[in-house]
Structures are given as structure tokens and as C-alpha cells.
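**Q** Structure file my_file-v2.csv (CSV, N, CA and C atoms) is given on the next line.
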chain,number,residue,atom,x,y,z
A,131,MET,N,-40.9,-71.6,-149.6
A,131,MET,CA,-40.3,-71.2,-148.3
A,131,MET,C,-39.1,-72.1,-148.0
A,132,VAL,N,-39.3,-73.4,-148.3
A,132,VAL,CA,-38.3,-74.4,-148.0
A,132,VAL,C,-37.0,-74.1,-148.8
A,133,GLU,N,-37.2,-73.6,-150.1
A,133,GLU,CA,-36.0,-73.3,-150.9
A,133,GLU,C,-35.2,-72.1,-150.3
A,134,VAL,N,-36.0,-71.1,-149.8
A,134,VAL,CA,-35.3,-69.9,-149.2
A,134,VAL,C,-34.6,-70.3,-147.9
A,135,GLU,N,-35.2,-71.1,-147.1
A,135,GLU,CA,-34.6,-71.6,-145.8
A,135,GLU,C,-33.4,-72.5,-146.1
A,136,ALA,N,-33.4,-73.2,-147.2
A,136,ALA,CA,-32.3,-74.1,-147.6
A,136,ALA,C,-31.1,-73.2,-147.9
A,137,GLU,N,-31.3,-72.2,-148.7
A,137,GLU,CA,-30.2,-71.3,-149.1
A,137,GLU,C,-29.7,-70.5,-147.9
A,138,LEU,N,-30.6,-70.0,-147.0
A,138,LEU,CA,-30.2,-69.3,-145.8
A,138,LEU,C,-29.4,-70.2,-144.9
A,139,GLY,N,-29.8,-71.5,-144.8
A,139,GLY,CA,-29.1,-72.4,-143.9
A,139,GLY,C,-29.8,-72.5,-142.5
A,140,PHE,N,-30.9,-72.0,-142.4
A,140,PHE,CA,-31.7,-72.0,-141.1
A,140,PHE,C,-33.2,-71.8,-141.4
A,141,GLU,N,-34.0,-72.2,-140.4
A,141,GLU,CA,-35.4,-72.0,-140.6
A,141,GLU,C,-35.8,-70.6,-140.1
A,142,LEU,N,-36.7,-70.0,-140.8
A,142,LEU,CA,-37.3,-68.7,-140.4
A,142,LEU,C,-38.2,-68.9,-139.3
A,143,PRO,N,-38.4,-67.9,-138.4
A,143,PRO,CA,-39.2,-68.0,-137.3
A,143,PRO,C,-40.7,-68.3,-137.6
A,144,PRO,N,-41.4,-69.1,-136.8
A,144,PRO,CA,-42.7,-69.5,-137.1
A,144,PRO,C,-43.7,-68.3,-137.3
A,145,SER,N,-43.6,-67.3,-136.5
A,145,SER,CA,-44.5,-66.2,-136.7
A,145,SER,C,-44.3,-65.4,-138.0
A,146,TYR,N,-43.1,-65.3,-138.4
A,146,TYR,CA,-42.8,-64.7,-139.7
A,146,TYR,C,-43.3,-65.6,-140.9
A,147,CYS,N,-43.1,-66.9,-140.8
A,147,CYS,CA,-43.7,-67.8,-141.8
A,147,CYS,C,-45.2,-67.7,-141.9
A,148,TRP,N,-45.8,-67.6,-140.7
A,148,TRP,CA,-47.3,-67.5,-140.7
A,148,TRP,C,-47.7,-66.2,-141.4
A,149,TRP,N,-47.0,-65.1,-141.1
A,149,TRP,CA,-47.3,-63.8,-141.7
A,149,TRP,C,-47.1,-63.9,-143.2
A,150,LEU,N,-46.0,-64.5,-143.7
A,150,LEU,CA,-45.8,-64.7,-145.1
A,150,LEU,C,-46.9,-65.4,-145.8
A,151,LYS,N,-47.3,-66.5,-145.1
A,151,LYS,CA,-48.3,-67.4,-145.7
A,151,LYS,C,-49.7,-66.7,-145.8
A,152,ASN,N,-50.0,-65.9,-144.7
A,152,ASN,CA,-51.3,-65.3,-144.7
A,152,ASN,C,-51.4,-63.9,-145.3
A,153,TYR,N,-50.3,-63.2,-145.3
A,153,TYR,CA,-50.3,-61.8,-145.8
A,153,TYR,C,-49.3,-61.6,-147.0
A,154,GLY,N,-48.2,-62.3,-147.0
A,154,GLY,CA,-47.3,-62.2,-148.1
A,154,GLY,C,-46.3,-61.0,-148.0
A,155,ASN,N,-46.9,-59.9,-147.7
A,155,ASN,CA,-46.0,-58.7,-147.6
A,155,ASN,C,-46.8,-57.6,-146.9
A,156,GLY,N,-46.1,-56.5,-146.6
A,156,GLY,CA,-46.7,-55.4,-145.9
A,156,GLY,C,-45.9,-54.1,-145.9
A,157,GLN,N,-46.5,-53.0,-145.9
A,157,GLN,CA,-45.9,-51.7,-145.9
A,157,GLN,C,-46.4,-50.9,-144.7
A,158,LEU,N,-45.6,-50.1,-144.2
A,158,LEU,CA,-46.0,-49.2,-143.1
A,158,LEU,C,-45.2,-47.9,-143.2
A,159,ASN,N,-45.9,-46.8,-143.4
A,159,ASN,CA,-45.3,-45.5,-143.5
A,159,ASN,C,-44.2,-45.5,-144.6
A,160,GLY,N,-44.5,-46.2,-145.7
A,160,GLY,CA,-43.6,-46.1,-146.9
A,160,GLY,C,-42.5,-47.2,-146.8
A,161,GLY,N,-42.3,-47.9,-145.7
A,161,GLY,CA,-41.3,-48.9,-145.6
A,161,GLY,C,-41.9,-50.3,-145.8
A,162,SER,N,-41.2,-51.1,-146.5
A,162,SER,CA,-41.7,-52.5,-146.7
A,162,SER,C,-41.0,-53.5,-145.8
A,163,ILE,N,-41.9,-54.3,-145.2
A,163,ILE,CA,-41.3,-55.4,-144.4
A,163,ILE,C,-40.9,-56.5,-145.4
A,164,LEU,N,-39.6,-56.9,-145.3
A,164,LEU,CA,-39.1,-57.8,-146.3
A,164,LEU,C,-39.9,-59.1,-146.3
A,165,SER,N,-40.1,-59.6,-147.5
A,165,SER,CA,-40.9,-60.8,-147.7
A,165,SER,C,-40.2,-61.8,-148.6
A,166,ILE,N,-40.8,-62.7,-149.2
A,166,ILE,CA,-40.2,-63.7,-150.1
A,166,ILE,C,-41.0,-63.5,-151.4
A,167,GLY,N,-40.3,-63.0,-152.4
A,167,GLY,CA,-40.9,-62.8,-153.7
A,167,GLY,C,-40.8,-64.0,-154.6
A,168,PRO,N,-41.3,-63.9,-155.8
A,168,PRO,CA,-41.2,-65.0,-156.8
A,168,PRO,C,-39.8,-65.3,-157.2
A,169,PRO,N,-39.4,-66.5,-157.3
A,169,PRO,CA,-38.0,-66.9,-157.6
A,169,PRO,C,-37.5,-66.2,-158.9
A,170,ALA,N,-38.4,-66.0,-159.9
A,170,ALA,CA,-38.0,-65.4,-161.1
A,170,ALA,C,-37.5,-63.9,-161.0
A,171,TYR,N,-38.0,-63.3,-159.9
A,171,TYR,CA,-37.6,-61.9,-159.7
A,171,TYR,C,-36.7,-61.7,-158.5
A,172,ARG,N,-36.2,-62.7,-157.9
A,172,ARG,CA,-35.4,-62.7,-156.7
A,172,ARG,C,-34.1,-61.9,-156.8
A,173,ASP,N,-33.5,-61.9,-158.0
A,173,ASP,CA,-32.3,-61.2,-158.2
A,173,ASP,C,-32.4,-59.7,-158.4
A,174,ILE,N,-33.6,-59.2,-158.4
A,174,ILE,CA,-33.8,-57.8,-158.6
A,174,ILE,C,-34.9,-57.2,-157.6
A,175,ASN,N,-35.4,-58.0,-156.7
A,175,ASN,CA,-36.5,-57.6,-155.9
A,175,ASN,C,-35.9,-57.0,-154.5
A,176,ASP,N,-35.9,-55.7,-154.4
A,176,ASP,CA,-35.3,-55.1,-153.2
A,176,ASP,C,-36.3,-55.2,-152.0
A,177,HIS,N,-37.4,-55.9,-152.1
A,177,HIS,CA,-38.3,-56.2,-151.0
A,177,HIS,C,-38.2,-57.7,-150.6
A,178,ASP,N,-37.3,-58.4,-151.2
A,178,ASP,CA,-37.1,-59.9,-150.9
A,178,ASP,C,-36.1,-60.1,-149.9
A,179,ILE,N,-36.4,-60.8,-148.8
A,179,ILE,CA,-35.5,-61.0,-147.7
A,179,ILE,C,-34.2,-61.8,-148.1
A,180,LEU,N,-34.3,-62.7,-149.1
A,180,LEU,CA,-33.2,-63.4,-149.5
A,180,LEU,C,-32.3,-62.6,-150.4
A,181,TYR,N,-32.9,-61.8,-151.3
A,181,TYR,CA,-32.1,-60.9,-152.1
A,181,TYR,C,-31.3,-59.9,-151.3
A,182,ILE,N,-31.9,-59.3,-150.3
A,182,ILE,CA,-31.1,-58.4,-149.4
A,182,ILE,C,-30.1,-59.1,-148.6
A,183,HIS,N,-30.3,-60.3,-148.2
A,183,HIS,CA,-29.3,-61.1,-147.5
A,183,HIS,C,-28.2,-61.5,-148.4
A,184,ARG,N,-28.4,-61.8,-149.6
A,184,ARG,CA,-27.3,-62.1,-150.6
A,184,ARG,C,-26.5,-60.8,-150.8
A,185,LEU,N,-27.1,-59.7,-150.9
A,185,LEU,CA,-26.3,-58.4,-151.0
A,185,LEU,C,-25.4,-58.2,-149.8
A,186,ASN,N,-26.0,-58.4,-148.6
A,186,ASN,CA,-25.2,-58.2,-147.4
A,186,ASN,C,-24.1,-59.2,-147.3
A,187,LEU,N,-24.3,-60.5,-147.7
A,187,LEU,CA,-23.2,-61.5,-147.6
A,187,LEU,C,-22.1,-61.2,-148.6
A,188,ALA,N,-22.4,-60.4,-149.6
A,188,ALA,CA,-21.3,-60.1,-150.6
A,188,ALA,C,-20.4,-59.0,-150.0
A,189,ASP,N,-20.7,-58.4,-148.9
A,189,ASP,CA,-19.9,-57.4,-148.3
A,189,ASP,C,-19.1,-58.0,-147.1
A,190,GLU,N,-17.8,-58.2,-147.3
A,190,GLU,CA,-17.0,-58.9,-146.4
A,190,GLU,C,-17.0,-58.2,-145.0
A,191,GLU,N,-16.9,-56.9,-145.0
A,191,GLU,CA,-16.9,-56.2,-143.7
A,191,GLU,C,-18.3,-56.4,-143.0
A,192,TRP,N,-19.4,-56.3,-143.7
A,192,TRP,CA,-20.7,-56.6,-143.2
A,192,TRP,C,-20.7,-57.9,-142.5
A,193,CYS,N,-20.2,-59.0,-143.2
A,193,CYS,CA,-20.2,-60.3,-142.6
A,193,CYS,C,-19.4,-60.4,-141.3
A,194,LYS,N,-18.3,-59.7,-141.2
A,194,LYS,CA,-17.5,-59.7,-140.0
A,194,LYS,C,-18.2,-59.0,-138.9
A,195,GLN,N,-18.9,-57.9,-139.2
A,195,GLN,CA,-19.5,-57.1,-138.1
A,195,GLN,C,-20.9,-57.7,-137.7
A,196,PHE,N,-21.6,-58.3,-138.7
A,196,PHE,CA,-23.0,-58.8,-138.4
A,196,PHE,C,-23.2,-60.2,-138.8
A,197,PRO,N,-22.5,-61.2,-138.3
A,197,PRO,CA,-22.6,-62.6,-138.8
A,197,PRO,C,-24.0,-63.2,-138.6
A,198,ASN,N,-24.8,-62.7,-137.6
A,198,ASN,CA,-26.0,-63.3,-137.3
A,198,ASN,C,-27.2,-62.4,-137.6
A,199,ARG,N,-27.0,-61.4,-138.5
A,199,ARG,CA,-28.1,-60.5,-138.8
A,199,ARG,C,-28.8,-60.9,-140.1
A,200,LEU,N,-30.1,-60.9,-140.1
A,200,LEU,CA,-31.0,-61.1,-141.2
A,200,LEU,C,-32.0,-59.9,-141.3
A,201,ASP,N,-31.7,-59.0,-142.2
A,201,ASP,CA,-32.5,-57.7,-142.3
A,201,ASP,C,-34.0,-58.1,-142.5
A,202,LEU,N,-34.8,-57.2,-141.9
A,202,LEU,CA,-36.3,-57.5,-142.0
A,202,LEU,C,-37.1,-56.3,-142.4
A,203,PHE,N,-36.7,-55.1,-142.0
A,203,PHE,CA,-37.5,-53.9,-142.3
A,203,PHE,C,-36.6,-52.7,-142.2
A,204,ILE,N,-36.5,-52.0,-143.4
A,204,ILE,CA,-35.6,-50.8,-143.5
A,204,ILE,C,-36.5,-49.6,-143.9
A,205,PRO,N,-37.1,-49.0,-142.9
A,205,PRO,CA,-38.1,-47.9,-143.2
A,205,PRO,C,-37.5,-46.6,-143.8
A,206,ASP,N,-36.3,-46.3,-143.4
A,206,ASP,CA,-35.6,-45.1,-143.8
A,206,ASP,C,-34.1,-45.2,-143.6
A,207,SER,N,-33.4,-44.1,-143.8
A,207,SER,CA,-32.0,-44.1,-143.6
A,207,SER,C,-31.5,-44.0,-142.2
A,208,ASP,N,-32.5,-43.8,-141.2
A,208,ASP,CA,-32.1,-43.6,-139.8
A,208,ASP,C,-32.1,-44.9,-139.0
A,209,GLU,N,-32.8,-45.9,-139.5
A,209,GLU,CA,-32.9,-47.1,-138.7
A,209,GLU,C,-33.2,-48.3,-139.6
A,210,LEU,N,-32.9,-49.5,-139.0
A,210,LEU,CA,-33.3,-50.7,-139.7
A,210,LEU,C,-33.6,-51.8,-138.6
A,211,TYR,N,-34.4,-52.8,-139.0
A,211,TYR,CA,-34.7,-53.8,-138.0
A,211,TYR,C,-34.3,-55.1,-138.6
A,212,PHE,N,-33.8,-56.0,-137.8
A,212,PHE,CA,-33.3,-57.3,-138.3
A,212,PHE,C,-33.5,-58.4,-137.2
A,213,PHE,N,-33.6,-59.6,-137.8
A,213,PHE,CA,-33.6,-60.8,-136.9
A,213,PHE,C,-32.2,-61.0,-136.4
A,214,ASP,N,-32.0,-61.3,-135.1
A,214,ASP,CA,-30.8,-61.7,-134.5
A,214,ASP,C,-30.7,-63.2,-134.4
A,215,ARG,N,-30.0,-63.9,-135.3
A,215,ARG,CA,-30.0,-65.3,-135.3
A,215,ARG,C,-29.1,-65.9,-134.3
A,216,SER,N,-28.5,-65.1,-133.5
A,216,SER,CA,-27.6,-65.7,-132.5
A,216,SER,C,-28.3,-66.3,-131.3
A,217,SER,N,-29.6,-66.0,-131.2
A,217,SER,CA,-30.4,-66.6,-130.1
A,217,SER,C,-31.8,-66.9,-130.6
A,218,LYS,N,-32.4,-67.9,-130.0
A,218,LYS,CA,-33.7,-68.4,-130.4
A,218,LYS,C,-34.4,-68.7,-129.1
A,219,ASP,N,-35.7,-68.4,-129.0
A,219,ASP,CA,-36.4,-68.8,-127.8
A,219,ASP,C,-37.0,-70.2,-127.9
A,220,GLU,N,-37.8,-70.6,-127.0
A,220,GLU,CA,-38.3,-72.0,-127.0
A,220,GLU,C,-39.4,-72.2,-128.1
A,221,HIS,N,-39.8,-71.2,-128.7
A,221,HIS,CA,-40.8,-71.3,-129.8
A,221,HIS,C,-40.1,-71.1,-131.2
A,222,ASP,N,-38.8,-71.1,-131.2
A,222,ASP,CA,-37.9,-71.0,-132.4
A,222,ASP,C,-38.1,-69.6,-133.0
A,223,GLU,N,-38.3,-68.6,-132.2
A,223,GLU,CA,-38.4,-67.2,-132.6
A,223,GLU,C,-37.1,-66.5,-132.3
A,224,PHE,N,-36.6,-65.7,-133.3
A,224,PHE,CA,-35.5,-64.9,-133.1
A,224,PHE,C,-35.9,-63.5,-132.6
A,225,PRO,N,-35.1,-62.9,-131.8
A,225,PRO,CA,-35.5,-61.5,-131.4
A,225,PRO,C,-35.3,-60.6,-132.6
A,226,VAL,N,-36.1,-59.5,-132.6
A,226,VAL,CA,-35.9,-58.5,-133.6
A,226,VAL,C,-35.2,-57.3,-133.0
A,227,MET,N,-34.1,-56.9,-133.6
A,227,MET,CA,-33.3,-55.9,-133.1
A,227,MET,C,-33.5,-54.6,-134.0
A,228,CYS,N,-33.3,-53.4,-133.3
A,228,CYS,CA,-33.4,-52.2,-134.0
A,228,CYS,C,-32.0,-51.6,-134.1
A,229,TYR,N,-31.5,-51.2,-135.2
A,229,TYR,CA,-30.2,-50.6,-135.4
A,229,TYR,C,-30.5,-49.1,-135.7
A,230,ASP,N,-30.2,-48.3,-134.7
A,230,ASP,CA,-30.3,-46.9,-134.8
A,230,ASP,C,-29.1,-46.4,-135.5
A,231,LEU,N,-29.2,-46.1,-136.8
A,231,LEU,CA,-28.0,-45.7,-137.6
A,231,LEU,C,-27.5,-44.4,-137.2
A,232,MET,N,-28.3,-43.5,-136.8
A,232,MET,CA,-27.9,-42.1,-136.5
A,232,MET,C,-27.0,-42.1,-135.2
A,233,ASN,N,-27.3,-43.0,-134.3
A,233,ASN,CA,-26.5,-43.0,-133.0
A,233,ASN,C,-25.6,-44.3,-132.9
A,234,ASP,N,-25.6,-45.1,-134.0
A,234,ASP,CA,-24.8,-46.3,-134.0
A,234,ASP,C,-25.1,-47.2,-132.8
A,235,MET,N,-26.4,-47.4,-132.5
A,235,MET,CA,-26.8,-48.2,-131.4
A,235,MET,C,-27.7,-49.3,-131.8
A,236,ILE,N,-27.5,-50.5,-131.3
A,236,ILE,CA,-28.4,-51.7,-131.5
A,236,ILE,C,-29.0,-52.1,-130.2
A,237,TYR,N,-30.3,-52.3,-130.3
A,237,TYR,CA,-31.0,-52.7,-129.1
A,237,TYR,C,-32.2,-53.7,-129.5
A,238,GLU,N,-32.6,-54.5,-128.5
A,238,GLU,CA,-33.7,-55.4,-128.8
A,238,GLU,C,-35.0,-54.6,-128.9
A,239,TYR,N,-35.7,-54.8,-130.0
A,239,TYR,CA,-37.0,-54.1,-130.2
A,239,TYR,C,-38.1,-55.0,-129.8
A,240,ALA,N,-38.0,-56.2,-130.1
A,240,ALA,CA,-39.1,-57.2,-129.8
A,240,ALA,C,-38.5,-58.6,-129.7
A,241,SER,N,-39.2,-59.4,-128.9
A,241,SER,CA,-38.7,-60.8,-128.7
A,241,SER,C,-39.1,-61.7,-129.8
A,242,SER,N,-40.0,-61.3,-130.7
A,242,SER,CA,-40.4,-62.2,-131.8
A,242,SER,C,-40.9,-61.3,-132.9
A,243,PHE,N,-41.1,-61.9,-134.1
A,243,PHE,CA,-41.7,-61.2,-135.2
A,243,PHE,C,-43.1,-60.7,-134.9
A,244,SER,N,-43.9,-61.5,-134.3
A,244,SER,CA,-45.3,-61.1,-134.0
A,244,SER,C,-45.3,-59.9,-133.0
A,245,GLU,N,-44.4,-59.9,-132.0
A,245,GLU,CA,-44.3,-58.7,-131.2
A,245,GLU,C,-43.8,-57.5,-131.9
A,246,PHE,N,-42.9,-57.7,-132.8
A,246,PHE,CA,-42.4,-56.7,-133.7
A,246,PHE,C,-43.5,-56.0,-134.5
A,247,LEU,N,-44.3,-56.9,-135.1
A,247,LEU,CA,-45.5,-56.3,-135.9
A,247,LEU,C,-46.4,-55.5,-135.0
A,248,GLU,N,-46.7,-56.1,-133.9
A,248,GLU,CA,-47.7,-55.4,-133.0
A,248,GLU,C,-47.1,-54.0,-132.6
A,249,LYS,N,-45.9,-54.0,-132.2
A,249,LYS,CA,-45.3,-52.7,-131.7
A,249,LYS,C,-45.2,-51.7,-132.9
A,250,LEU,N,-44.7,-52.2,-134.0
A,250,LEU,CA,-44.6,-51.4,-135.2
A,250,LEU,C,-45.9,-50.7,-135.6
A,251,ILE,N,-46.9,-51.5,-135.7
A,251,ILE,CA,-48.2,-51.0,-136.1
A,251,ILE,C,-48.7,-50.0,-135.1
A,252,ASP,N,-48.6,-50.3,-133.8
A,252,ASP,CA,-49.0,-49.3,-132.7
A,252,ASP,C,-48.2,-48.0,-132.9
A,253,GLU,N,-46.9,-48.1,-133.1
A,253,GLU,CA,-46.1,-46.8,-133.1
A,253,GLU,C,-46.3,-46.0,-134.4
A,254,ARG,N,-46.5,-46.7,-135.5
A,254,ARG,CA,-46.4,-46.0,-136.8
A,254,ARG,C,-47.8,-45.8,-137.5
A,255,SER,N,-48.8,-46.2,-136.8
A,255,SER,CA,-50.2,-46.0,-137.4
A,255,SER,C,-50.9,-44.9,-136.7
A,256,GLN,N,-50.3,-44.1,-135.9
A,256,GLN,CA,-51.0,-43.0,-135.2
A,256,GLN,C,-50.9,-41.7,-136.0
Please re-express this file's structure in C-alpha cells.
**A**
Amino acid sequence: MVEVEAELGFELPPSYCWWLKNYGNGQLNGGSILSIGPPAYRDINDHDILYIHRLNLADEEWCKQFPNRLDLFIPDSDELYFFDRSSKDEHDEFPVMCYDLMNDMIYEYASSFSEFLEKLIDERSQ
């Protein structure tokens, strides 16, 4: 985890780190919550948060438009969820934003990763 945070240049939220340590990964309705894969496969693992972030950083337009975005969950082509690194609460949690790609709208989905998981499970497991 330290190696990933060093490359990112910031610490990941505590609730996300707890989830990685205790569960490692997760899928819901066919979408994978991005995790941290083995370093040997990081350059090809499309479920690895660092691999996806590297791809995003390679896109100059993306960097201009979303300088504080760290993608987290991409369930389909209609929406994606990401950490907004531009703000952090007193517990060092980033809010999780939803990007509604169909309507080109971004809104706060949850105030932390743990709230994100709770809402996502409630909404998608019915």
C-alpha cells in the first residue's frame, strides 16, 4: 500500500485502506471496485486503482478537466464513481463522486468510502 500511495503522491482514505486490507476486492452487478493488485500485474490489471490512474494521467485533456479525480468504480458505460481529492474531512476521507456520463453531471454520492459501499450495496443488491 505504501508503494502505491508513494506513486500517487497522497494517502488513500482510511476506510478504503481498511476495505483493501480486509477484503482486497469486490464486485457488484458485474462492476469491480478498483483495488490494488500484485505489482507484477499492475501494468495490465484493469481492476487496479493505480493502473487506471496511470492511464488517466497519460491523457492530457483528462488531467486538465479532472486534476483531483481518482477513479474507484466503473460499473458500466453510463456512470463512474471516483474519489474527489480536492477535499478531505477530519477523518482523512475523500468524498466519492458519481459522474453521470449520460447527462454529463457530477454530484457527491457519499462523504466517504464506507458510506459509498453501504449505499452501493443497498442500491444494487435488491
**Q** May I ask which of the residues A:Leu158, A:Met227, A:Cys193, A:Leu200 is the closest one to Tyr239 in chain A, counting all atoms listed in the file?
**A** A:Met227
**Q** Give as a ChimeraX atom specification each residue that has an atom at most 7 Å from (-35.2, -66.2, -133.1) in the file, counting only N, CA and C atoms.
**A** /A:143,213-219,222-226,241-242
**Q** Can you work out which one of A:Ala240, A:Lys249, A:Pro144, A:Leu185 has the shortest atom-to-atom distance to Met131 in chain A, counting only C-alpha atoms?
**A**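 Checking each candidate against Met131 in chain A, we get A:Pro144 as the closest.
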**Q** Restricting the calculation to only C-alpha atoms, which member of A:Ala188, A:Glu248, A:Glu253, A:Gly161 is positioned closest to Glu209 in chain A?
**A**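 Among the listed residues, A:Gly161 lies closest to Glu209 in chain A.
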**Q** I'd like to know which residues of chain A are alpha helix (DSSP H) (by DSSP, run on the backbone); could you write them as an NGL selection string?
**A** :A and (132-138 or 144-152 or 179-187 or 190-195 or 243-254)
**Q** Would you list, as a PyMOL selection string, the residues of range 132-234 of chain A that end up in strand (DSSP E) under DSSP run on this structure's backbone?
**A** chain A and resi 156-158+161-163+199-203+209-214+226-230
**Q** If we count all atoms listed in the file and set the cut-off at 8 Å, which residues sit around Gly160 in chain A, ignoring sequence neighbours fewer than 5 positions away in its own chain? Please answer as a list in words.
**A** Ile204, Pro205 and Asp206 of chain A
